[in-house]
>>> print(open('entry06.cif').read())   # mmCIF, C-alpha atoms and all ligand atoms
data_my_file
#
loop_
_atom_site.label_atom_id
_atom_site.label_comp_id
_atom_site.auth_asym_id
_atom_site.auth_seq_id
_atom_site.Cartn_x
_atom_site.Cartn_y
_atom_site.Cartn_z
CA MET A 1 27.32 -225.94 26.85
CA ILE A 2 28.69 -222.42 27.00
CA VAL A 3 25.85 -219.91 26.79
CA ALA A 4 26.30 -216.43 25.37
CA GLU A 5 24.23 -213.55 24.03
CA ARG A 6 24.91 -210.90 21.44
CA LYS A 7 26.18 -207.45 22.21
CA THR A 8 23.86 -204.68 21.07
CA ILE A 9 24.31 -203.17 17.62
CA PRO A 10 25.42 -199.77 19.07
CA GLU A 11 28.07 -201.62 21.12
CA LEU A 12 29.26 -203.44 18.01
CA VAL A 13 29.27 -200.26 15.95
CA ASP A 14 31.34 -198.64 18.67
CA ILE A 15 33.84 -201.49 18.54
CA LEU A 16 34.00 -201.57 14.73
CA GLU A 17 33.86 -197.87 13.88
CA GLY A 18 36.88 -196.84 11.82
CA HIS A 19 37.29 -200.29 10.26
CA LYS A 20 36.12 -201.13 6.78
CA LYS A 21 36.52 -204.78 5.86
CA ILE A 22 35.02 -206.85 8.63
CA LEU A 23 34.81 -210.63 8.90
CA VAL A 24 31.92 -211.71 11.11
CA LEU A 25 33.04 -215.16 12.21
CA GLY A 26 30.60 -217.62 13.74
CA CYS A 27 31.23 -220.84 15.63
CA GLY A 28 29.30 -224.02 14.91
CA THR A 29 29.37 -225.46 18.40
CA CYS A 30 28.00 -224.13 21.76
CA VAL A 31 27.04 -220.67 20.53
CA THR A 32 25.14 -222.19 17.62
CA VAL A 33 23.08 -224.29 20.00
CA CYS A 34 22.30 -221.31 22.26
CA LEU A 35 21.34 -219.23 19.19
CA ALA A 36 23.95 -216.55 19.78
CA GLY A 37 26.81 -217.05 17.32
CA GLY A 38 26.05 -219.73 14.74
CA GLU A 39 25.62 -219.37 10.99
CA ARG A 40 22.14 -217.88 11.32
CA GLU A 41 23.17 -215.33 13.94
CA VAL A 42 26.19 -214.38 11.83
CA SER A 43 23.74 -213.49 9.05
CA ILE A 44 21.38 -211.64 11.38
CA ILE A 45 24.10 -209.58 13.04
CA SER A 46 25.81 -208.90 9.70
CA SER A 47 22.54 -207.74 8.23
CA ALA A 48 21.88 -205.42 11.19
CA LEU A 49 25.42 -204.05 10.89
CA ARG A 50 24.93 -203.34 7.18
CA ILE A 51 21.74 -201.47 7.98
CA ALA A 52 23.54 -199.53 10.73
CA SER A 53 26.43 -198.81 8.38
CA ARG A 54 24.04 -197.27 5.84
CA ALA A 55 22.12 -195.34 8.48
CA LYS A 56 25.31 -193.92 9.98
CA ASN A 57 27.48 -193.62 6.81
CA LEU A 58 30.13 -196.01 8.10
CA SER A 59 31.00 -197.90 4.89
CA PHE A 60 31.35 -201.31 6.53
CA GLU A 61 32.07 -204.13 4.11
CA ILE A 62 31.03 -207.30 5.85
CA GLU A 63 31.93 -210.88 5.01
CA GLU A 64 30.25 -213.79 6.78
CA LEU A 65 31.80 -217.13 7.71
CA THR A 66 31.09 -219.81 10.27
CA ILE A 67 33.60 -222.50 11.19
CA GLU A 68 32.94 -225.70 13.08
CA ARG A 69 34.74 -224.65 16.26
CA GLN A 70 36.67 -221.49 17.06
CA CYS A 71 38.48 -222.92 20.09
CA ASP A 72 40.28 -225.59 18.07
CA ASN A 73 43.27 -224.93 15.82
CA VAL A 74 42.28 -227.60 13.32
CA PHE A 75 39.11 -225.68 12.48
CA ILE A 76 40.60 -222.20 12.90
CA GLU A 77 42.78 -222.91 9.86
CA GLU A 78 39.63 -222.93 7.70
CA ALA A 79 39.20 -219.23 8.37
CA ALA A 80 42.73 -218.28 7.25
CA LYS A 81 41.88 -216.93 3.78
CA ALA A 82 38.83 -214.98 4.95
CA VAL A 83 40.80 -213.50 7.86
CA GLU A 84 43.52 -212.45 5.43
CA ARG A 85 41.00 -210.73 3.10
CA ASN A 86 39.59 -208.58 5.90
CA ASP A 87 40.90 -205.84 8.17
CA VAL A 88 39.38 -207.14 11.39
CA VAL A 89 37.48 -210.10 12.79
CA LEU A 90 34.29 -209.82 14.81
CA SER A 91 34.14 -213.20 16.46
CA LEU A 92 30.79 -214.61 17.54
CA GLY A 93 32.53 -217.41 19.44
CA CYS A 94 32.63 -217.62 23.23
CA GLY A 95 35.47 -215.87 25.06
CA ALA A 96 37.73 -218.88 24.48
CA GLY A 97 36.99 -218.85 20.75
CA VAL A 98 37.73 -215.14 20.40
CA GLN A 99 41.09 -215.57 22.14
CA ALA A 100 41.98 -218.65 20.14
CA ILE A 101 41.39 -216.72 16.90
CA ALA A 102 43.41 -213.76 18.19
CA GLU A 103 46.31 -216.05 19.17
CA ARG A 104 46.35 -217.69 15.74
CA TYR A 105 46.07 -214.48 13.65
CA LEU A 106 48.52 -212.19 15.43
CA GLU A 107 48.40 -209.41 12.85
CA LYS A 108 44.61 -208.90 12.94
CA PRO A 109 42.45 -207.14 15.51
CA VAL A 110 39.93 -209.68 16.78
CA TYR A 111 36.87 -208.41 18.66
CA ALA A 112 34.24 -210.20 20.73
CA GLY A 113 30.72 -209.83 19.37
CA LEU A 114 29.09 -211.77 22.19
CA ASN A 115 28.97 -211.61 25.94
CA THR A 116 29.85 -215.08 27.19
CA ALA A 117 27.48 -215.66 30.08
CA PHE A 118 27.71 -219.11 31.68
CA ILE A 119 27.82 -222.89 31.38
CA GLY A 120 24.23 -224.00 31.21
CA ILE A 121 21.46 -225.79 29.39
CA LEU A 122 18.31 -225.02 27.48
CA GLU A 123 15.57 -225.34 30.12
CA GLU A 124 12.69 -224.71 27.78
CA ARG A 125 12.21 -223.01 24.40
CA GLY A 126 14.06 -219.72 24.52
CA ILE A 127 15.24 -220.07 28.12
CA TRP A 128 18.80 -220.99 29.03
CA ALA A 129 19.88 -221.32 32.65
CA GLU A 130 23.21 -221.59 34.40
CA LYS A 131 24.10 -224.98 35.80
CA CYS A 132 27.84 -224.88 36.48
CA ALA A 133 30.33 -222.17 37.41
CA ALA A 134 33.38 -224.34 36.64
CA CYS A 135 34.47 -224.06 40.28
CA GLY A 136 37.20 -226.62 39.74
CA ALA A 137 36.20 -228.93 42.62
CA CYS A 138 32.82 -230.41 41.85
CA VAL A 139 30.54 -231.28 44.74
CA LEU A 140 27.55 -232.52 42.74
CA ASP A 141 27.98 -236.01 44.17
CA GLN A 142 26.98 -234.76 47.63
CA TYR A 143 23.87 -232.86 46.56
CA GLY A 144 21.99 -235.30 44.40
CA GLY A 145 23.40 -233.78 41.22
CA ILE A 146 22.02 -230.28 41.90
CA CYS A 147 24.77 -227.67 42.09
CA PRO A 148 24.49 -225.51 45.23
CA ILE A 149 26.97 -223.01 43.79
CA THR A 150 24.96 -222.02 40.75
CA ARG A 151 21.43 -222.94 41.76
CA CYS A 152 21.37 -221.43 45.23
CA ALA A 153 21.70 -217.66 45.06
CA LYS A 154 23.75 -217.65 48.28
CA HIS A 155 25.87 -220.71 47.38
CA MET A 156 24.77 -222.36 50.63
CA LEU A 157 26.47 -225.71 51.30
CA ASN A 158 24.74 -226.77 54.52
CA GLY A 159 21.05 -226.37 53.91
CA PRO A 160 18.73 -223.61 52.83
CA CYS A 161 18.91 -220.02 54.01
CA GLY A 162 15.34 -220.19 55.27
CA GLY A 163 14.03 -217.41 53.10
CA SER A 164 12.34 -219.39 50.36
CA ARG A 165 8.62 -218.89 49.72
CA GLU A 166 6.80 -222.00 48.58
CA ASP A 167 9.43 -223.41 46.26
CA ARG A 168 10.82 -220.04 45.16
CA CYS A 169 14.23 -218.52 45.98
CA GLU A 170 13.99 -215.35 48.06
CA VAL A 171 16.70 -213.66 46.00
CA ARG A 172 15.30 -214.77 42.64
CA PRO A 173 11.55 -215.35 42.93
CA ASP A 174 11.51 -216.30 39.26
CA ARG A 175 13.70 -219.33 40.05
CA PRO A 176 13.11 -222.39 42.22
CA CYS A 177 15.03 -222.55 45.51
CA GLY A 178 18.11 -224.68 44.80
CA TRP A 179 17.88 -226.24 48.21
CA GLN A 180 14.28 -227.26 47.68
CA LEU A 181 15.49 -229.06 44.56
CA ILE A 182 18.40 -230.65 46.41
CA TYR A 183 16.10 -231.88 49.16
CA GLN A 184 13.55 -233.32 46.76
CA ARG A 185 16.20 -235.00 44.69
CA LEU A 186 18.03 -236.54 47.65
CA LYS A 187 14.70 -237.75 49.02
CA GLY A 188 13.84 -239.26 45.67
CA ILE A 189 17.06 -241.24 45.49
CA GLY A 190 17.00 -242.24 49.16
CA GLN A 191 20.05 -240.19 50.16
CA LEU A 192 18.58 -237.70 52.64
CA ASP A 193 21.20 -238.89 55.16
CA ARG A 194 23.77 -236.90 53.24
CA LEU A 195 22.25 -233.74 54.65
CA LYS A 196 23.21 -234.74 58.20
CA ARG A 197 26.88 -234.23 57.42
CA ILE A 198 28.31 -230.78 58.08
CA VAL A 199 30.19 -229.71 54.96
CA PRO A 200 33.30 -227.62 55.69
CA PRO A 201 33.84 -224.36 53.81
CA LYS A 202 34.51 -225.02 50.16
CA ASN A 203 38.04 -224.84 48.89
CA TRP A 204 37.91 -222.09 46.28
CA ALA A 205 41.60 -222.37 45.33
CA PRO A 206 40.81 -224.40 42.18
CA SER A 207 38.36 -221.69 41.13
CA LEU A 208 39.37 -218.24 39.88
CA GLY A 209 41.76 -217.53 42.78
CA GLY A 210 45.15 -218.31 41.26
CA GLY A 211 45.25 -216.82 37.78
CA CYS A 212 44.78 -218.76 34.56
CA ARG A 213 43.81 -222.34 35.30
CA VAL A 214 45.73 -224.95 33.36
CA ILE A 215 45.32 -228.72 33.20
CA VAL A 216 48.42 -230.65 32.19
CA ARG A 217 48.08 -234.27 31.08
CA GLU A 218 51.62 -235.63 30.73
CA ASP A 219 50.26 -238.87 29.24
CA HIS A 220 48.99 -236.86 26.29
CA ARG A 221 52.04 -234.71 25.75
CA ILE A 222 54.27 -237.03 23.75
CA MET B 1 9.16 -195.62 -1.05
CA LYS B 2 10.12 -199.26 -1.11
CA ILE B 3 7.85 -201.51 0.93
CA HIS B 4 7.71 -205.24 1.51
CA ILE B 5 4.51 -207.03 2.47
CA PHE B 6 5.06 -210.48 3.97
CA TYR B 7 1.75 -212.26 4.32
CA CYS B 8 0.30 -215.55 5.36
CA SER B 9 -1.39 -217.04 2.31
CA ASN B 10 -4.08 -218.65 4.51
CA CYS B 11 -5.57 -215.33 5.52
CA LEU B 12 -4.93 -213.17 2.51
CA ASP B 13 -5.77 -213.96 -1.06
CA THR B 14 -2.84 -213.21 -3.34
CA ASP B 15 -4.99 -212.09 -6.28
CA ALA B 16 -7.13 -209.81 -4.12
CA LEU B 17 -4.03 -208.25 -2.59
CA ARG B 18 -2.40 -207.66 -5.99
CA LYS B 19 -5.59 -206.20 -7.38
CA GLN B 20 -5.94 -203.86 -4.43
CA LEU B 21 -2.31 -202.81 -4.63
CA GLU B 22 -2.62 -202.00 -8.31
CA ILE B 23 -5.53 -199.73 -7.49
CA ASN B 24 -3.56 -198.09 -4.71
CA GLY B 25 -0.50 -197.90 -6.90
CA ASN B 26 -2.39 -195.91 -9.50
CA GLY B 27 -3.89 -193.69 -6.85
CA GLN B 28 -0.80 -193.06 -4.73
CA GLY B 29 1.85 -192.90 -7.35
CA ASP B 30 5.33 -194.03 -6.68
CA HIS B 31 5.51 -196.68 -3.95
CA GLN B 32 7.42 -199.75 -4.92
CA ILE B 33 5.63 -202.61 -3.20
CA GLN B 34 6.95 -206.14 -3.16
CA THR B 35 4.78 -208.95 -1.82
CA VAL B 36 6.13 -212.15 -0.27
CA SER B 37 3.68 -214.99 0.25
CA LEU B 38 4.30 -217.34 3.18
CA PRO B 39 2.72 -220.73 3.88
CA CYS B 40 2.23 -219.46 7.47
CA SER B 41 3.31 -216.17 9.02
CA GLY B 42 5.37 -218.28 11.45
CA LYS B 43 7.66 -219.08 8.50
CA VAL B 44 9.00 -215.57 8.72
CA ASN B 45 12.23 -215.26 10.70
CA LEU B 46 14.47 -212.39 11.77
CA LEU B 47 16.63 -212.75 8.72
CA TYR B 48 13.77 -212.54 6.17
CA LEU B 49 12.69 -209.25 7.68
CA LEU B 50 16.16 -207.79 8.21
CA LYS B 51 17.19 -208.73 4.66
CA ALA B 52 14.27 -206.72 3.31
CA PHE B 53 15.60 -203.64 5.12
CA GLU B 54 19.20 -204.45 4.22
CA LYS B 55 18.23 -204.56 0.53
CA GLY B 56 16.71 -201.10 0.77
CA SER B 57 13.15 -201.54 1.99
CA ASP B 58 11.88 -198.48 3.87
CA GLY B 59 9.21 -200.40 5.74
CA VAL B 60 7.73 -203.85 6.15
CA LEU B 61 4.16 -204.96 6.66
CA LEU B 62 3.64 -208.43 8.11
CA VAL B 63 0.14 -209.88 7.76
CA THR B 64 -0.84 -212.72 10.09
CA CYS B 65 -4.05 -214.55 10.94
CA GLU B 66 -6.18 -213.47 13.91
CA HIS B 67 -5.45 -214.95 17.35
CA GLY B 68 -6.70 -218.51 17.43
CA GLU B 69 -6.99 -218.71 13.66
CA CYS B 70 -3.50 -219.90 12.73
CA LYS B 71 -3.62 -223.21 10.87
CA PHE B 72 -0.37 -224.15 12.56
CA LEU B 73 -1.72 -223.02 15.94
CA GLU B 74 0.96 -220.55 16.99
CA GLY B 75 2.69 -219.38 13.82
CA ASN B 76 1.03 -215.96 14.09
CA LEU B 77 2.22 -215.55 17.69
CA ARG B 78 5.78 -216.39 16.72
CA ALA B 79 5.64 -214.04 13.75
CA ARG B 80 4.58 -211.18 16.02
CA LYS B 81 7.42 -211.83 18.48
CA ARG B 82 9.94 -212.01 15.67
CA ALA B 83 8.68 -208.76 14.20
CA LYS B 84 9.13 -207.19 17.62
CA ALA B 85 12.71 -208.48 17.83
CA VAL B 86 13.42 -207.06 14.36
CA GLU B 87 11.90 -203.73 15.29
CA SER B 88 14.20 -203.36 18.27
CA MET B 89 17.20 -204.43 16.16
CA LEU B 90 16.30 -201.77 13.58
CA GLU B 91 16.13 -199.19 16.33
CA GLU B 92 19.54 -200.33 17.56
CA ALA B 93 20.85 -200.03 14.02
CA GLY B 94 19.72 -196.42 13.83
CA LEU B 95 16.39 -196.66 11.98
CA GLY B 96 13.48 -195.09 13.80
CA LYS B 97 10.36 -196.72 15.19
CA GLY B 98 7.30 -197.70 13.20
CA ARG B 99 8.92 -199.16 10.10
CA MET B 100 7.69 -202.64 10.89
CA ILE B 101 3.94 -203.09 11.24
CA VAL B 102 2.13 -206.34 12.03
CA VAL B 103 -1.49 -206.61 10.90
CA ARG B 104 -3.79 -209.28 12.29
CA LYS B 105 -6.07 -209.93 9.37
CA SER B 106 -9.69 -209.90 10.45
CA GLU B 107 -12.84 -210.33 8.40
CA GLU B 108 -12.80 -206.63 7.53
CA GLY B 109 -11.44 -207.36 4.13
CA ILE B 110 -8.54 -205.99 2.18
CA GLY B 111 -9.20 -202.40 3.32
CA GLN B 112 -7.39 -203.24 6.56
CA ILE B 113 -4.18 -203.77 4.59
CA THR B 114 -4.55 -200.48 2.74
CA ALA B 115 -5.06 -198.65 6.05
CA ALA B 116 -1.96 -200.30 7.53
CA LEU B 117 -0.01 -199.41 4.41
CA GLU B 118 -0.98 -195.77 4.81
CA GLN B 119 0.06 -195.86 8.46
CA LEU B 120 3.38 -197.40 7.46
CA THR B 121 4.14 -194.79 4.80
CA ASP B 122 3.24 -192.03 7.29
CA ASN B 123 5.59 -193.53 9.87
CA ILE B 124 8.39 -193.74 7.32
CA LEU B 125 7.90 -190.14 6.25
CA GLN B 126 7.92 -188.93 9.83
CA ASP B 127 11.00 -190.96 10.65
CA THR B 128 12.83 -189.69 7.58
CA GLU B 129 11.97 -186.10 8.51
CA ARG B 130 13.13 -186.69 12.09
CA SER B 131 16.46 -188.09 10.95
CA GLN B 132 17.03 -185.09 8.66
CA GLU B 133 16.42 -182.55 11.43
S1 LIG A 301 30.06 -227.83 42.05
FE1 LIG A 301 31.41 -226.57 40.79
S2 LIG A 301 32.01 -227.89 39.06
FE2 LIG A 301 30.23 -228.87 40.09
S3 LIG A 301 28.47 -228.12 38.91
FE3 LIG A 301 28.75 -226.70 40.64
S4 LIG A 301 30.07 -225.08 39.87
FE4 LIG A 301 30.18 -226.76 38.42
S1 LIG A 302 15.96 -219.32 48.94
FE1 LIG A 302 16.96 -221.25 48.45
S2 LIG A 302 18.12 -220.87 46.55
FE2 LIG A 302 17.51 -218.89 47.36
S3 LIG A 302 19.29 -218.28 48.55
FE3 LIG A 302 17.90 -219.31 49.99
S4 LIG A 302 18.55 -221.45 49.97
FE4 LIG A 302 19.50 -220.47 48.22
#
>>> encode(input="entry06.cif", output="structure tokens")
Amino acid sequence: MIVAERKTIPELVDILEGHKKILVLGCGTCVTVCLAGGEREVSIISSALRIASRAKNLSFEIEELTIERQCDNVFIEEAAKAVERNDVVLSLGCGAGVQAIAERYLEKPVYAGLNTAFIGILEERGIWAEKCAACGACVLDQYGGICPITRCAKHMLNGPCGGSREDRCEVRPDRPCGWQLIYQRLKGIGQLDRLKRIVPPKNWAPSLGGGCRVIVREDHRI
Amino acid sequence: MKIHIFYCSNCLDTDALRKQLEINGNGQGDHQIQTVSLPCSGKVNLLYLLKAFEKGSDGVLLVTCEHGECKFLEGNLRARKRAKAVESMLEEAGLGKGRMIVVRKSEEGIGQITAALEQLTDNILQDTERSQE
């Protein structure tokens, strides 16, 4: 899922200052699961903004709404009336959700209330970790399903850097060395031989190099 | 002053608390104190606490069981962490420190709550004075 976290209240106040009627719009999908922008967080952030508004004499009038998915036009429609009633939208969707709302409601300022951080999973209660950087040319098949791009701090493709201590990464001692994980996993599935191959430099063209990435599926376009 | 007391009903007797508050109320005059009984302090979440402030509370007292005494094992630990999160959100929102106090109820009796209440009202007064400077 996409993992995000809230901006601070002073940051949000800075963004919203000068506006009166504000729709805080949540998203019921990824950001609900990572506890950043679902129905509950909409209420929490709205409540904090009301307190800030009173403390700083800002006269915010805040409406709360959460739709199923902000990055999908079918669901965006459900917000139409609430968007119309308000001066601006503070979206608690991921970056894609915020932009989808802004593209649909051209006449309204739409602001991001979250910082979209990464594609990851919940590792344990209250801890989310990055697992994929959407590099556009996945190499998981060669590394036992452990991503060397996100889980090795140096994105090493041909073995560890040599700096790990015990099983810890030298750059991030709070995290396990990605290469230790790759080795253990390949050993476990009997594929250690894969490590004998020299992997050429990764082709980063499908990553962020060439502007907005687009996937066209002609078979779905009629 | 408007104050909310959220308390775990396993460690604090509702009648004793009310009785004590009445006594304090007579003695101290004009505090408006609202009590909210919880089946476990871990039931409290960020929104409960923030809503109290949003609706005009000047300070909140959260009463939990002692370490190791929670009937649900870690409800009191969660409550404390949530109170901490709320306190930093309140600070972000422009309210000063000390408006959210967590009391671990020991055997000392109800006097502990009264002392915490006094501390809370002091904090609120100081913070109000600071913000008016
Ligand atoms: S190799 Fe690329 S696509 Fe595959 S998991 Fe890693 S970052 Fe994501
Ligand atoms: S210690 Fe391991 S994870 Fe960290 S940079 Fe080196 S190889 Fe990568």
>>> interface_residues(input="entry06.cif", of="chain B", to="chain A", cutoff="12 Å", atoms="only C-alpha atoms", output="ChimeraX atom specification")
/B:45-58,78,81,85-96,128,131-132
>>> closest_residue(input="entry06.cif", among="A:Lys20, A:Phe75, A:Cys147, A:Asp87", to="Arg185 of chain A", atoms="all atoms listed in the file")
A:Cys147
>>> residues_around(input="entry06.cif", residues="segment 128-143 of chain A", least_positions_apart="4", cutoff="10 Å", atoms="only C-alpha atoms", output="tab-separated table (two decimals) with C-alpha atoms, keeping the file's coordinate frame")
chain	number	residue	atom	x	y	z
A	1	MET	CA	27.32	-225.94	26.85
A	2	ILE	CA	28.69	-222.42	27.00
A	3	VAL	CA	25.85	-219.91	26.79
A	4	ALA	CA	26.30	-216.43	25.37
A	34	CYS	CA	22.30	-221.31	22.26
A	117	ALA	CA	27.48	-215.66	30.08
A	118	PHE	CA	27.71	-219.11	31.68
A	119	ILE	CA	27.82	-222.89	31.38
A	120	GLY	CA	24.23	-224.00	31.21
A	121	ILE	CA	21.46	-225.79	29.39
A	122	LEU	CA	18.31	-225.02	27.48
A	123	GLU	CA	15.57	-225.34	30.12
A	124	GLU	CA	12.69	-224.71	27.78
A	147	CYS	CA	24.77	-227.67	42.09
A	148	PRO	CA	24.49	-225.51	45.23
A	149	ILE	CA	26.97	-223.01	43.79
A	150	THR	CA	24.96	-222.02	40.75
A	151	ARG	CA	21.43	-222.94	41.76
A	157	LEU	CA	26.47	-225.71	51.30
A	175	ARG	CA	13.70	-219.33	40.05
A	179	TRP	CA	17.88	-226.24	48.21
A	181	LEU	CA	15.49	-229.06	44.56
A	182	ILE	CA	18.40	-230.65	46.41
A	183	TYR	CA	16.10	-231.88	49.16
A	185	ARG	CA	16.20	-235.00	44.69
A	186	LEU	CA	18.03	-236.54	47.65
A	191	GLN	CA	20.05	-240.19	50.16
A	192	LEU	CA	18.58	-237.70	52.64
A	194	ARG	CA	23.77	-236.90	53.24
A	195	LEU	CA	22.25	-233.74	54.65
A	197	ARG	CA	26.88	-234.23	57.42
A	199	VAL	CA	30.19	-229.71	54.96
A	202	LYS	CA	34.51	-225.02	50.16
A	203	ASN	CA	38.04	-224.84	48.89
A	204	TRP	CA	37.91	-222.09	46.28
A	205	ALA	CA	41.60	-222.37	45.33
A	206	PRO	CA	40.81	-224.40	42.18
A	207	SER	CA	38.36	-221.69	41.13
A	208	LEU	CA	39.37	-218.24	39.88
A	213	ARG	CA	43.81	-222.34	35.30
>>> closest_residue(input="entry06.cif", among="A:Asn115, A:Gln99, A:Thr32, A:Ser164", to="ligand LIG 302 (chain A)", atoms="all atoms listed in the file")
A:Ser164
>>> closest_residue(input="entry06.cif", among="B:Arg99, B:His67, B:Lys19, B:His4", to="Ser37 of chain B", atoms="only C-alpha atoms")
B:His4
>>> residues_near_ligand(input="entry06.cif", ligand="ligand LIG 302 (chain A)", cutoff="9 Å", atoms="only C-alpha atoms and all ligand atoms", output="number ranges by chain")
A: 148, 151-156, 159-165, 167-173, 175-181
>>> write_last_selection(input="entry06.cif", atoms="C-alpha atoms", output="mmCIF file, in the frame of the given file")
data_model
loop_
_atom_site.group_PDB
_atom_site.id
_atom_site.type_symbol
_atom_site.label_atom_id
_atom_site.label_comp_id
_atom_site.auth_asym_id
_atom_site.auth_seq_id
_atom_site.Cartn_x
_atom_site.Cartn_y
_atom_site.Cartn_z
ATOM 1 C CA PRO A 148 24.490 -225.510 45.230
ATOM 2 C CA ARG A 151 21.430 -222.940 41.760
ATOM 3 C CA CYS A 152 21.370 -221.430 45.230
ATOM 4 C CA ALA A 153 21.700 -217.660 45.060
ATOM 5 C CA LYS A 154 23.750 -217.650 48.280
ATOM 6 C CA HIS A 155 25.870 -220.710 47.380
ATOM 7 C CA MET A 156 24.770 -222.360 50.630
ATOM 8 C CA GLY A 159 21.050 -226.370 53.910
ATOM 9 C CA PRO A 160 18.730 -223.610 52.830
ATOM 10 C CA CYS A 161 18.910 -220.020 54.010
ATOM 11 C CA GLY A 162 15.340 -220.190 55.270
ATOM 12 C CA GLY A 163 14.030 -217.410 53.100
ATOM 13 C CA SER A 164 12.340 -219.390 50.360
ATOM 14 C CA ARG A 165 8.620 -218.890 49.720
ATOM 15 C CA ASP A 167 9.430 -223.410 46.260
ATOM 16 C CA ARG A 168 10.820 -220.040 45.160
ATOM 17 C CA CYS A 169 14.230 -218.520 45.980
ATOM 18 C CA GLU A 170 13.990 -215.350 48.060
ATOM 19 C CA VAL A 171 16.700 -213.660 46.000
ATOM 20 C CA ARG A 172 15.300 -214.770 42.640
ATOM 21 C CA PRO A 173 11.550 -215.350 42.930
ATOM 22 C CA ARG A 175 13.700 -219.330 40.050
ATOM 23 C CA PRO A 176 13.110 -222.390 42.220
ATOM 24 C CA CYS A 177 15.030 -222.550 45.510
ATOM 25 C CA GLY A 178 18.110 -224.680 44.800
ATOM 26 C CA TRP A 179 17.880 -226.240 48.210
ATOM 27 C CA GLN A 180 14.280 -227.260 47.680
ATOM 28 C CA LEU A 181 15.490 -229.060 44.560
#
>>> residues_around(input="entry06.cif", residues="Ile76 of chain A", least_positions_apart="3", cutoff="10 Å", atoms="all atoms listed in the file", output="list in words")
Cys27, Ile67, Glu68, Arg69, Gln70, Cys71, Asp72, Asn73, Ala79, Ala80, Gly97, Ala100, Ile101, Arg104 and Tyr105 of chain A
>>> closest_residue(input="entry06.cif", among="A:Leu16, A:Ala102, A:Gly145, A:Gly126", to="ligand LIG 301 (chain A)", atoms="all atoms listed in the file")
A:Gly145
>>> axis_aligned_box(input="entry06.cif", around="ligand LIG 301 (chain A)", padding_each_side="8 Å", output="AutoDock Vina command-line options")
--center_x 30.2 --center_y -227.0 --center_z 40.2 --size_x 19.5 --size_y 19.8 --size_z 19.6
>>> closest_residue(input="entry06.cif", among="B:Ser9, B:Met1, B:Thr64, B:Gly42", to="Leu117 of chain B", atoms="all atoms listed in the file")
B:Met1
>>> atom_distance(input="entry06.cif", atom1="atom CA of Gly75 of chain B", atom2="atom CA of Leu61 of chain B")
16.2 Å
>>> atom_distance(input="entry06.cif", atom1="atom CA of Glu69 of chain B", atom2="atom CA of Glu118 of chain B")
25.3 Å
>>> build_atoms(input="entry06.cif", residues="segment 154-166 of chain A", atoms="N, CA and C atoms", output="short mmCIF file (atom, residue, chain, number, x, y, z; two decimals), in the frame of the given file")
data_model
loop_
_atom_site.label_atom_id
_atom_site.label_comp_id
_atom_site.auth_asym_id
_atom_site.auth_seq_id
_atom_site.Cartn_x
_atom_site.Cartn_y
_atom_site.Cartn_z
N LYS A 154 22.75 -217.97 47.24
CA LYS A 154 23.75 -217.65 48.28
C LYS A 154 24.85 -218.71 48.36
N HIS A 155 24.87 -219.63 47.42
CA HIS A 155 25.87 -220.71 47.38
C HIS A 155 25.94 -221.47 48.70
N MET A 156 24.80 -221.69 49.32
CA MET A 156 24.77 -222.36 50.63
C MET A 156 25.16 -223.83 50.48
N LEU A 157 26.01 -224.32 51.40
CA LEU A 157 26.47 -225.71 51.30
C LEU A 157 25.85 -226.59 52.39
N ASN A 158 25.28 -225.98 53.40
CA ASN A 158 24.74 -226.77 54.52
C ASN A 158 23.26 -226.49 54.76
N GLY A 159 22.49 -226.56 53.74
CA GLY A 159 21.05 -226.37 53.91
C GLY A 159 20.59 -225.00 53.47
N PRO A 160 19.28 -224.86 53.37
CA PRO A 160 18.73 -223.61 52.83
C PRO A 160 18.90 -222.42 53.77
N CYS A 161 18.76 -221.24 53.20
CA CYS A 161 18.91 -220.02 54.01
C CYS A 161 17.69 -219.76 54.86
N GLY A 162 16.57 -220.37 54.49
CA GLY A 162 15.34 -220.19 55.27
C GLY A 162 14.43 -219.12 54.71
N GLY A 163 14.84 -218.52 53.63
CA GLY A 163 14.03 -217.41 53.10
C GLY A 163 13.12 -217.78 51.95
N SER A 164 13.14 -219.05 51.55
CA SER A 164 12.34 -219.39 50.36
C SER A 164 10.85 -219.28 50.63
N ARG A 165 10.09 -218.93 49.61
CA ARG A 165 8.62 -218.89 49.72
C ARG A 165 8.07 -219.96 48.79
N GLU A 166 7.24 -220.82 49.33
CA GLU A 166 6.80 -222.00 48.58
C GLU A 166 8.07 -222.68 48.07
#
